[in-house]
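Text of run.txt (compact mmCIF, C-alpha atoms) as supplied:
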```txt
# COMPACT_ATOMS: atom_id res chain seq x y z
CA ASP M 1 0.00 0.00 0.00
CA ILE M 2 2.87 2.37 0.79
CA CYS M 3 4.63 1.86 -2.55
CA PHE M 4 1.63 1.57 -4.91
CA TRP M 5 -1.94 2.18 -3.74
CA LYS M 6 -4.14 0.92 -0.94
CA GLY M 7 -5.80 -2.41 -1.69
CA LEU M 8 -3.45 -3.57 -4.45
CA VAL M 9 -3.03 -7.01 -2.89
CA ASP M 10 -6.78 -7.64 -3.02
CA LYS M 11 -6.91 -6.61 -6.68
CA TYR M 12 -4.29 -9.17 -7.75
CA PRO M 13 -5.38 -12.52 -6.26
CA GLN M 14 -3.68 -14.33 -9.17
CA LEU M 15 -0.37 -13.09 -7.71
CA PHE M 16 -1.05 -12.85 -3.98
CA ASN M 17 -2.44 -16.26 -3.02
CA GLU M 18 -1.31 -19.18 -0.88
CA ASP M 19 -0.44 -21.35 -3.89
CA ASN M 20 1.97 -18.73 -5.24
CA LEU M 21 3.90 -17.80 -2.09
CA GLU M 22 7.17 -19.35 -3.32
CA ASN M 23 7.13 -16.95 -6.30
CA LEU M 24 6.76 -13.84 -4.11
CA ARG M 25 10.44 -13.04 -3.62
CA VAL M 26 11.23 -10.77 -0.67
CA ILE M 27 14.02 -9.26 1.37
CA VAL M 28 13.28 -9.05 5.11
CA ASP M 29 14.91 -6.84 7.74
CA GLY M 30 14.03 -7.32 11.39
CA GLY M 31 11.00 -9.41 10.47
CA GLU M 32 9.60 -6.77 8.11
CA VAL M 33 9.40 -7.11 4.34
CA ILE M 34 11.37 -4.23 2.83
CA SER M 35 11.54 -5.24 -0.86
CA HIS M 36 9.36 -7.42 -3.08
CA VAL M 37 9.27 -8.89 -6.59
CA GLY M 38 6.04 -10.71 -7.45
CA MET M 39 6.04 -13.47 -10.05
CA THR M 40 3.74 -16.13 -11.45
CA GLU M 41 4.81 -19.08 -13.59
CA GLN M 42 2.56 -20.81 -16.08
CA TRP M 43 2.36 -22.51 -19.45
CA VAL M 44 1.42 -20.77 -22.66
CA SER M 45 0.49 -22.28 -26.00
CA ILE M 46 1.85 -20.57 -29.11
CA PHE M 47 0.68 -22.28 -32.30
CA GLY M 48 0.44 -25.52 -30.32
CA CYS M 49 3.94 -25.32 -28.79
CA LEU M 50 3.98 -25.37 -24.98
CA LEU M 51 6.27 -22.74 -23.48
CA ARG M 52 6.82 -21.75 -19.88
CA VAL M 53 6.44 -18.05 -19.00
CA ALA M 54 7.00 -16.02 -15.85
CA CYS M 55 4.95 -12.85 -15.32
CA VAL M 56 6.50 -10.24 -13.02
CA GLY M 57 4.82 -7.32 -11.26
CA ALA M 58 4.41 -5.46 -7.95
CA VAL M 59 8.15 -4.75 -7.82
CA CYS M 60 8.80 -2.34 -4.96
CA THR M 61 11.05 -1.33 -2.08
CA HIS M 62 10.03 0.46 1.10
CA PRO M 63 10.96 4.19 0.81
CA ASN M 64 13.35 3.94 3.77
CA TYR M 65 15.43 1.27 2.01
CA ARG M 66 15.64 2.56 -1.55
CA MET M 67 18.80 3.25 -3.60
CA ARG M 68 20.53 0.18 -2.15
CA GLY M 69 20.01 -2.15 -5.11
CA LEU M 70 17.55 -4.38 -3.24
CA ALA M 71 15.01 -4.63 -6.06
CA THR M 72 17.84 -5.36 -8.50
CA ARG M 73 19.00 -8.25 -6.29
CA LEU M 74 15.47 -9.59 -6.02
CA PHE M 75 14.85 -9.36 -9.75
CA LYS M 76 18.04 -11.33 -10.36
CA ASP M 77 16.83 -13.88 -7.82
CA ALA M 78 13.46 -14.13 -9.63
CA CYS M 79 15.22 -14.69 -12.97
CA GLU M 80 17.38 -17.44 -11.44
CA LYS M 81 14.33 -19.13 -9.92
CA ALA M 82 12.50 -18.89 -13.25
CA TYR M 83 15.46 -20.52 -15.03
CA ASN M 84 15.65 -23.34 -12.48
CA ASP M 85 11.89 -23.88 -12.82
CA GLY M 86 12.13 -24.37 -16.59
CA VAL M 87 10.80 -20.97 -17.68
CA ASP M 88 11.55 -19.89 -21.26
CA PHE M 89 10.83 -16.15 -21.16
CA MET M 90 9.55 -13.48 -18.81
CA LEU M 91 6.91 -10.76 -19.16
CA VAL M 92 7.32 -7.73 -16.91
CA SER M 93 4.51 -5.21 -16.38
CA GLY M 94 6.71 -2.15 -16.16
CA ILE M 95 9.45 -0.07 -17.73
CA ARG M 96 12.30 0.55 -15.31
CA GLY M 97 16.04 0.85 -15.54
CA LEU M 98 16.59 -2.24 -13.42
CA TYR M 99 14.73 -4.35 -16.01
CA LEU M 100 16.67 -2.94 -18.94
CA ARG M 101 19.98 -3.44 -17.13
CA ALA M 102 18.98 -7.08 -16.56
CA GLY M 103 18.55 -7.74 -20.29
CA CYS M 104 14.86 -6.95 -20.72
CA ARG M 105 13.57 -5.18 -23.81
CA GLN M 106 10.50 -2.99 -24.15
CA ILE M 107 8.51 -2.14 -27.30
CA VAL M 108 8.55 -5.76 -28.43
CA GLY M 109 5.95 -7.33 -30.70
CA CYS M 110 4.63 -6.63 -34.20
CA ASP M 111 0.96 -6.12 -33.46
CA PHE M 112 -1.78 -3.65 -34.36
CA GLU M 113 -4.52 -1.67 -32.69
CA VAL M 114 -7.72 -0.12 -33.94
CA SER M 115 -10.05 2.51 -32.49
CA VAL M 116 -13.84 2.26 -32.58
CA THR M 117 -16.07 5.27 -31.80
CA PRO M 118 -19.84 5.89 -31.70
CA GLU M 119 -19.77 7.01 -35.33
CA HIS M 120 -18.99 3.40 -36.25
CA ILE M 121 -22.04 1.88 -34.51
CA GLN M 122 -23.99 1.29 -37.70
CA LEU M 123 -20.99 -0.42 -39.33
CA LEU M 124 -20.53 -2.76 -36.38
CA SER M 125 -23.89 -4.45 -36.02
CA ASP M 126 -25.71 -7.70 -36.70
CA PRO M 127 -29.35 -8.30 -35.64
CA ALA M 128 -28.43 -11.86 -34.64
CA ILE M 129 -25.85 -10.63 -32.10
CA THR M 130 -26.66 -9.98 -28.44
CA VAL M 131 -24.41 -9.03 -25.52
CA LYS M 132 -24.93 -9.88 -21.86
CA SER M 133 -22.99 -9.51 -18.63
CA CYS M 134 -21.08 -12.60 -17.55
CA SER M 135 -21.47 -14.15 -14.13
CA SER M 136 -19.42 -16.84 -12.41
CA ARG M 137 -21.82 -19.35 -13.99
CA ASP M 138 -20.31 -18.45 -17.37
CA ILE M 139 -16.75 -19.43 -16.41
CA ALA M 140 -16.93 -22.77 -18.21
CA VAL M 141 -18.19 -21.08 -21.39
CA MET M 142 -15.48 -18.40 -21.31
CA SER M 143 -12.79 -20.99 -20.65
CA ALA M 144 -13.98 -23.11 -23.59
CA ILE M 145 -13.95 -20.07 -25.88
CA TYR M 146 -10.48 -19.01 -24.76
CA ARG M 147 -9.04 -22.53 -25.20
CA ARG M 148 -9.57 -22.22 -28.96
CA GLU M 149 -7.19 -19.25 -29.24
CA PRO M 150 -3.93 -20.12 -31.10
CA VAL M 151 -1.86 -17.93 -28.76
CA ARG M 152 -2.93 -18.15 -25.13
CA PHE M 153 -2.14 -18.86 -21.51
CA LEU M 154 -3.03 -22.32 -20.21
CA ARG M 155 -5.39 -21.22 -17.48
CA ARG M 156 -6.54 -23.09 -14.44
CA LEU M 157 -10.11 -22.86 -13.22
CA GLU M 158 -8.83 -20.80 -10.29
CA ASP M 159 -7.55 -18.13 -12.69
CA TYR M 160 -11.10 -17.40 -13.84
CA GLN M 161 -12.57 -17.70 -10.36
CA ARG M 162 -10.11 -15.14 -9.00
CA ALA M 163 -10.71 -12.79 -11.94
CA PHE M 164 -14.48 -12.91 -11.39
CA ALA M 165 -14.05 -12.40 -7.64
CA CYS M 166 -12.08 -9.16 -7.96
CA ARG M 167 -13.25 -7.91 -11.40
CA HIS M 168 -9.86 -6.19 -11.82
CA VAL M 169 -8.17 -6.87 -15.18
CA MET M 170 -5.12 -5.19 -16.73
CA ASP M 171 -5.03 -2.73 -13.82
CA LYS M 172 -8.68 -1.63 -14.30
CA GLU M 173 -12.05 -2.37 -12.76
CA SER M 174 -13.69 -4.27 -15.59
CA GLU M 175 -16.90 -5.50 -17.19
CA PHE M 176 -17.15 -9.12 -18.40
CA LEU M 177 -19.41 -9.41 -21.46
CA LEU M 178 -20.52 -12.56 -23.29
CA ILE M 179 -21.31 -12.25 -27.01
CA LEU M 180 -24.02 -14.50 -28.43
CA LYS M 181 -25.23 -15.12 -31.98
CA ASP M 182 -28.75 -16.49 -32.27
CA GLY M 183 -28.51 -17.26 -28.57
CA SER M 184 -25.31 -19.31 -28.86
CA PRO M 185 -22.10 -18.09 -27.09
CA ARG M 186 -19.53 -17.11 -29.70
CA ALA M 187 -17.06 -14.74 -28.02
CA TYR M 188 -16.43 -12.59 -24.97
CA VAL M 189 -14.90 -9.22 -24.12
CA ILE M 190 -13.42 -7.83 -20.91
CA LEU M 191 -13.14 -4.04 -20.86
CA PRO M 192 -12.66 -1.35 -18.21
CA SER M 193 -15.85 -0.05 -16.61
CA PRO M 194 -16.48 3.33 -18.30
CA SER M 195 -16.73 6.39 -16.08
CA LYS M 196 -18.07 9.64 -17.52
CA LYS M 197 -16.70 10.39 -21.00
CA SER M 198 -13.91 7.93 -21.51
CA LYS M 199 -11.59 6.06 -23.82
CA VAL M 200 -10.96 2.43 -22.87
CA ARG M 201 -8.70 -0.33 -24.08
CA ILE M 202 -10.17 -3.82 -24.17
CA GLY M 203 -8.36 -5.91 -21.57
CA GLU M 204 -9.10 -9.26 -23.20
CA TYR M 205 -11.23 -10.86 -25.88
CA ALA M 206 -11.57 -14.32 -27.40
CA GLY M 207 -13.80 -16.25 -29.74
CA GLU M 208 -15.37 -15.94 -33.17
CA ARG M 209 -13.93 -12.84 -34.81
CA SER M 210 -16.96 -11.83 -36.91
CA SER M 211 -19.23 -11.96 -33.84
CA LEU M 212 -16.69 -9.97 -31.86
CA VAL M 213 -16.51 -7.23 -34.49
CA ASN M 214 -20.28 -7.00 -34.89
CA ALA M 215 -20.77 -6.79 -31.12
CA LEU M 216 -18.73 -3.61 -30.82
CA GLY M 217 -21.68 -1.44 -31.86
CA LEU M 218 -23.84 -2.96 -29.11
CA ILE M 219 -21.06 -2.43 -26.56
CA LEU M 220 -20.83 1.24 -27.50
CA GLN M 221 -24.59 1.56 -27.11
CA ARG M 222 -24.49 -0.30 -23.79
CA PHE M 223 -22.10 2.31 -22.37
CA PRO M 224 -23.14 5.74 -23.73
CA SER M 225 -20.21 7.43 -21.97
CA LEU M 226 -17.72 5.57 -24.16
CA GLU M 227 -16.02 7.88 -26.63
CA GLU M 228 -13.54 5.33 -27.95
CA ILE M 229 -12.74 1.63 -27.64
CA VAL M 230 -9.20 0.54 -28.51
CA ILE M 231 -8.69 -3.10 -29.54
CA HIS M 232 -5.23 -4.68 -29.55
CA ILE M 233 -4.82 -7.21 -32.37
CA LEU M 234 -1.98 -9.74 -32.48
CA GLY M 235 0.15 -9.58 -35.60
CA CYS M 236 -0.71 -13.21 -36.37
CA ASP M 237 -4.48 -12.55 -36.28
CA ALA M 238 -4.93 -11.89 -39.99
CA LEU M 239 -8.67 -12.63 -39.84
CA LEU M 240 -9.48 -9.95 -37.27
CA GLN M 241 -7.24 -7.48 -39.08
CA SER M 242 -9.05 -8.06 -42.38
CA LEU M 243 -12.51 -7.85 -40.75
CA MET M 244 -11.61 -4.50 -39.22
CA GLU M 245 -10.29 -3.19 -42.54
CA GLU M 246 -13.44 -4.39 -44.32
CA LYS M 247 -15.40 -2.16 -41.93
CA GLY M 248 -13.26 0.79 -42.96
CA LEU M 249 -11.31 0.91 -39.69
CA GLN M 250 -7.63 1.82 -39.77
CA LEU M 251 -5.00 -0.44 -38.24
CA ARG M 252 -2.12 1.20 -36.39
CA PRO M 253 1.18 -0.57 -35.61
CA SER M 254 1.46 -1.50 -31.93
CA ASN M 255 3.53 -3.62 -29.58
CA SER M 256 2.99 -5.87 -26.60
CA ALA M 257 1.89 -4.46 -23.24
CA CYS M 258 4.98 -5.78 -21.44
CA THR M 259 8.74 -5.71 -21.16
CA VAL M 260 10.30 -9.02 -22.25
CA ARG M 261 13.33 -10.99 -21.07
CA ILE M 262 14.61 -14.22 -22.55
CA ILE M 263 15.27 -16.65 -19.68
CA ASN M 264 16.45 -19.80 -21.50
CA PHE M 265 17.14 -19.23 -25.20
CA THR M 266 18.11 -22.78 -26.14
CA GLN M 267 15.14 -24.36 -24.39
CA LEU M 268 12.75 -21.78 -25.85
CA MET M 269 13.87 -22.45 -29.40
CA GLU M 270 13.82 -26.23 -28.92
CA ARG M 271 10.25 -26.04 -27.65
CA LEU M 272 9.32 -24.10 -30.80
CA ARG M 273 10.63 -26.83 -33.13
CA PRO M 274 7.15 -28.29 -33.85
CA TYR M 275 6.06 -24.91 -35.20
CA PHE M 276 9.26 -24.53 -37.22
CA GLU M 277 8.57 -27.94 -38.77
CA GLU M 278 5.14 -26.73 -39.89
CA VAL M 279 6.69 -23.70 -41.59
CA ILE M 280 9.91 -25.01 -43.15
CA GLY M 281 9.56 -28.79 -42.86
CA TYR M 282 11.04 -31.50 -40.67
CA LYS M 283 14.19 -32.08 -42.74
CA GLU M 284 15.21 -28.43 -42.65
CA THR M 285 14.32 -27.99 -38.98
CA ARG M 286 16.46 -30.96 -37.88
CA LYS M 287 19.53 -29.26 -39.38
CA ILE M 288 19.19 -26.23 -37.09
CA ARG M 289 21.16 -26.02 -33.84
CA PHE M 290 20.58 -23.57 -31.00
CA LEU M 291 23.47 -22.69 -28.68
CA GLU M 292 24.33 -20.29 -25.89
CA LYS M 293 27.97 -19.39 -25.38
CA GLU M 294 29.40 -16.67 -23.12
CA GLY M 295 26.17 -14.67 -23.11
CA ARG M 296 25.68 -14.89 -26.87
CA PHE M 297 22.89 -16.81 -28.57
CA ILE M 298 23.72 -18.75 -31.71
CA VAL M 299 21.62 -20.35 -34.44
CA GLU M 300 23.54 -22.69 -36.74
CA TYR M 301 22.64 -24.29 -40.06
CA GLY M 302 25.62 -26.17 -41.40
CA ALA M 303 28.50 -23.72 -41.64
CA ASP M 304 26.16 -20.69 -41.50
CA ARG M 305 25.35 -19.06 -38.21
CA VAL M 306 23.46 -16.15 -36.73
CA VAL M 307 25.15 -14.76 -33.61
CA ILE M 308 22.88 -12.70 -31.34
CA PRO M 309 24.96 -10.62 -28.91
CA GLY M 310 22.60 -10.65 -25.92
CA ARG M 311 19.16 -11.06 -24.37
CA PRO M 312 17.70 -7.73 -25.53
CA GLU M 313 18.49 -8.46 -29.18
CA ALA M 314 17.22 -12.02 -28.82
CA ALA M 315 13.88 -10.76 -27.49
CA GLN M 316 13.56 -8.35 -30.40
CA LEU M 317 14.33 -10.97 -33.04
CA ILE M 318 12.25 -13.80 -31.56
CA PHE M 319 9.13 -11.78 -30.76
CA GLY M 320 9.55 -8.98 -33.29
CA SER M 321 10.26 -5.28 -32.99
CA LYS M 322 10.59 -2.32 -35.30
CA ASP M 323 14.08 -1.95 -33.82
CA ALA M 324 15.07 -5.62 -34.25
CA PRO M 325 18.68 -6.03 -35.44
CA THR M 326 17.72 -7.74 -38.71
CA GLU M 327 21.21 -7.13 -40.08
CA LEU M 328 22.27 -10.08 -37.94
CA LEU M 329 20.04 -12.29 -40.08
CA SER M 330 21.44 -10.87 -43.31
CA ALA M 331 24.93 -11.91 -42.22
CA GLY M 332 23.79 -15.40 -41.23
CA GLY M 333 23.40 -17.07 -44.62
CA LYS M 334 20.92 -19.98 -44.63
CA ALA M 335 20.52 -19.76 -40.85
CA GLY M 336 19.38 -16.16 -41.19
CA LYS M 337 17.06 -17.04 -44.07
CA ILE M 338 15.33 -19.72 -41.99
CA LEU M 339 14.90 -17.37 -39.04
CA ARG M 340 13.22 -14.84 -41.32
CA GLU M 341 10.68 -17.51 -42.28
CA VAL M 342 9.79 -18.68 -38.76
CA LEU M 343 10.11 -15.43 -36.79
CA PRO M 344 8.68 -13.39 -35.18
CA ILE M 345 6.68 -15.45 -32.70
CA PRO M 346 3.61 -13.68 -31.22
CA LEU M 347 3.57 -12.86 -27.53
CA PRO M 348 0.49 -13.89 -25.56
CA TRP M 349 -1.72 -11.00 -24.40
CA TYR M 350 -1.95 -10.76 -20.60
CA GLY M 351 -5.68 -10.28 -20.04
CA ILE M 352 -6.64 -11.75 -16.67
CA ASN M 353 -3.05 -13.01 -16.22
CA PHE M 354 -1.73 -9.46 -15.80
CA VAL M 355 0.24 -8.89 -12.59
```
Write-out of the structure in structure tokens:
Amino acid sequence: DICFWKGLVDKYPQLFNEDNLENLRVIVDGGEVISHVGMTEQWVSIFGCLLRVACVGAVCTHPNYRMRGLATRLFKDACEKAYNDGVDFMLVSGIRGLYLRAGCRQIVGCDFEVSVTPEHIQLLSDPAITVKSCSSRDIAVMSAIYRREPVRFLRRLEDYQRAFACRHVMDKESEFLLILKDGSPRAYVILPSPSKKSKVRIGEYAGERSSLVNALGLILQRFPSLEEIVIHILGCDALLQSLMEEKGLQLRPSNSACTVRIINFTQLMERLRPYFEEVIGYKETRKIRFLEKEGRFIVEYGADRVVIPGRPEAAQLIFGSKDAPTELLSAGGKAGKILREVLPIPLPWYGINFV
């Protein structure tokens, strides 16, 4: 409460719960917690490949103990624990010098966003679509809809139960809306509760893209104070991008909502091999080797190699960035050519997993 705002612990039950105590890393002085780094660890599915991710938030030090490097020590400790636990990469909900010094990179991801305003209501409608508020009885439906997403967190039932209990998503008090077509659940949206005239960013959505798009008009009508809804669209979601453009809406380049750190490069790339096989074939994929030597990350194909100098550059190349050092690929011969075909990999959107 001293470092952030009163009641933060109650708003993040996915972080502050008995099952996650081992991931709440602290420094204690005289029996009092003086510095804290919060972390969760979970699986994500990216195009069917299972990867392990750590989400970090609530990083703070008591004002009386600051400027001693305590948070830096704790963040290093969290990274070491994540590595030992088999984590591949880390998402951090913040932009601070201590993250950048530890090899994190911000402005990662090659995504888009689009804005919808009341003037678009007539474009975004379908008489077969209805929208209703979700209750805890709809958890099974929401979970089933979300499980069909190609890029997603593998969520436990408790994740949804905690989200419904606190109604706090992506740092905002939120509304949970179920989208139905002809009475059948097709999609859902979680967005901040509008107050007065406001612009909101959708915290999470999933499900049938055409139903989602055609529900936006009803959502704007449901909340008359809404002046603008911003929707984040993953770069791999070509269907939603095209549906938005068909409605005459303009896509803007965007990036992920987090700072990213590669935890275990070799393991991450090995776990992505099934996807690489789908793109370039089994015979080509088996010729690729992934190595880490003296802080550098190496991709080899025969005598050709791409040498990535560190974690920040690796995050940019693997997950995409307008500042990615693509010249490294140009110098890598066939290894670089293959990486151009399989990268970037989309980052999962936080939604109710935000900490």
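The nearest approach to Val151 in chain M among the residues M:Val37, M:Ala206, M:Val9, M:Val200, with all atoms listed in the file taken into account, belongs to M:Ala206.
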Mind checking which residues fall within 10 Å of Leu154 in chain M, counting all atoms listed in the file, ignoring those fewer than 6 positions away in the same chain, and posting them as a PyMOL selection string?
chain M and resi 42-45+50-52+143+146-147
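Considering the residues M:Asp237, M:Ser211, M:Glu300, M:Cys166 and counting only C-alpha atoms, Gly7 in chain M has its shortest atom-to-atom contact with M:Cys166.
The residue that comes closest to Ala144 in chain M, out of M:Ala78, M:Pro185, M:Phe112, M:Gln106 and on the basis of all atoms listed in the file, is M:Pro185.
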Leaving out range 280-294 of chain M and any residue of its chain fewer than 5 positions from it, which residues lie within 12 Å of it when counting all atoms listed in the file, given as an MDAnalysis selection string?
chainID M and resid 262:275 299:311 314 334:343
Is it possible to get the residues within 9 Å of (-20.9, -3.4, -34.6) (coordinates as in the file, counting only C-alpha atoms) written as a PDB file with C-alpha atoms, in the frame of the given file?
```
ATOM      1  CA  HIS M 120     -18.990   3.400 -36.250  1.00  0.00           C
ATOM      2  CA  ILE M 121     -22.040   1.880 -34.510  1.00  0.00           C
ATOM      3  CA  GLN M 122     -23.990   1.290 -37.700  1.00  0.00           C
ATOM      4  CA  LEU M 123     -20.990  -0.420 -39.330  1.00  0.00           C
ATOM      5  CA  LEU M 124     -20.530  -2.760 -36.380  1.00  0.00           C
ATOM      6  CA  SER M 125     -23.890  -4.450 -36.020  1.00  0.00           C
ATOM      7  CA  ASP M 126     -25.710  -7.700 -36.700  1.00  0.00           C
ATOM      8  CA  SER M 211     -19.230 -11.960 -33.840  1.00  0.00           C
ATOM      9  CA  LEU M 212     -16.690  -9.970 -31.860  1.00  0.00           C
ATOM     10  CA  VAL M 213     -16.510  -7.230 -34.490  1.00  0.00           C
ATOM     11  CA  ASN M 214     -20.280  -7.000 -34.890  1.00  0.00           C
ATOM     12  CA  ALA M 215     -20.770  -6.790 -31.120  1.00  0.00           C
ATOM     13  CA  LEU M 216     -18.730  -3.610 -30.820  1.00  0.00           C
ATOM     14  CA  GLY M 217     -21.680  -1.440 -31.860  1.00  0.00           C
ATOM     15  CA  LEU M 218     -23.840  -2.960 -29.110  1.00  0.00           C
ATOM     16  CA  ILE M 219     -21.060  -2.430 -26.560  1.00  0.00           C
ATOM     17  CA  LEU M 220     -20.830   1.240 -27.500  1.00  0.00           C
TER      18      LEU M 220
END
```
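With only C-alpha atoms as the atoms that count, the residue of M:Arg68, M:His36, M:Lys181, M:Arg152 with the shortest distance to Val56 in chain M is M:His36.
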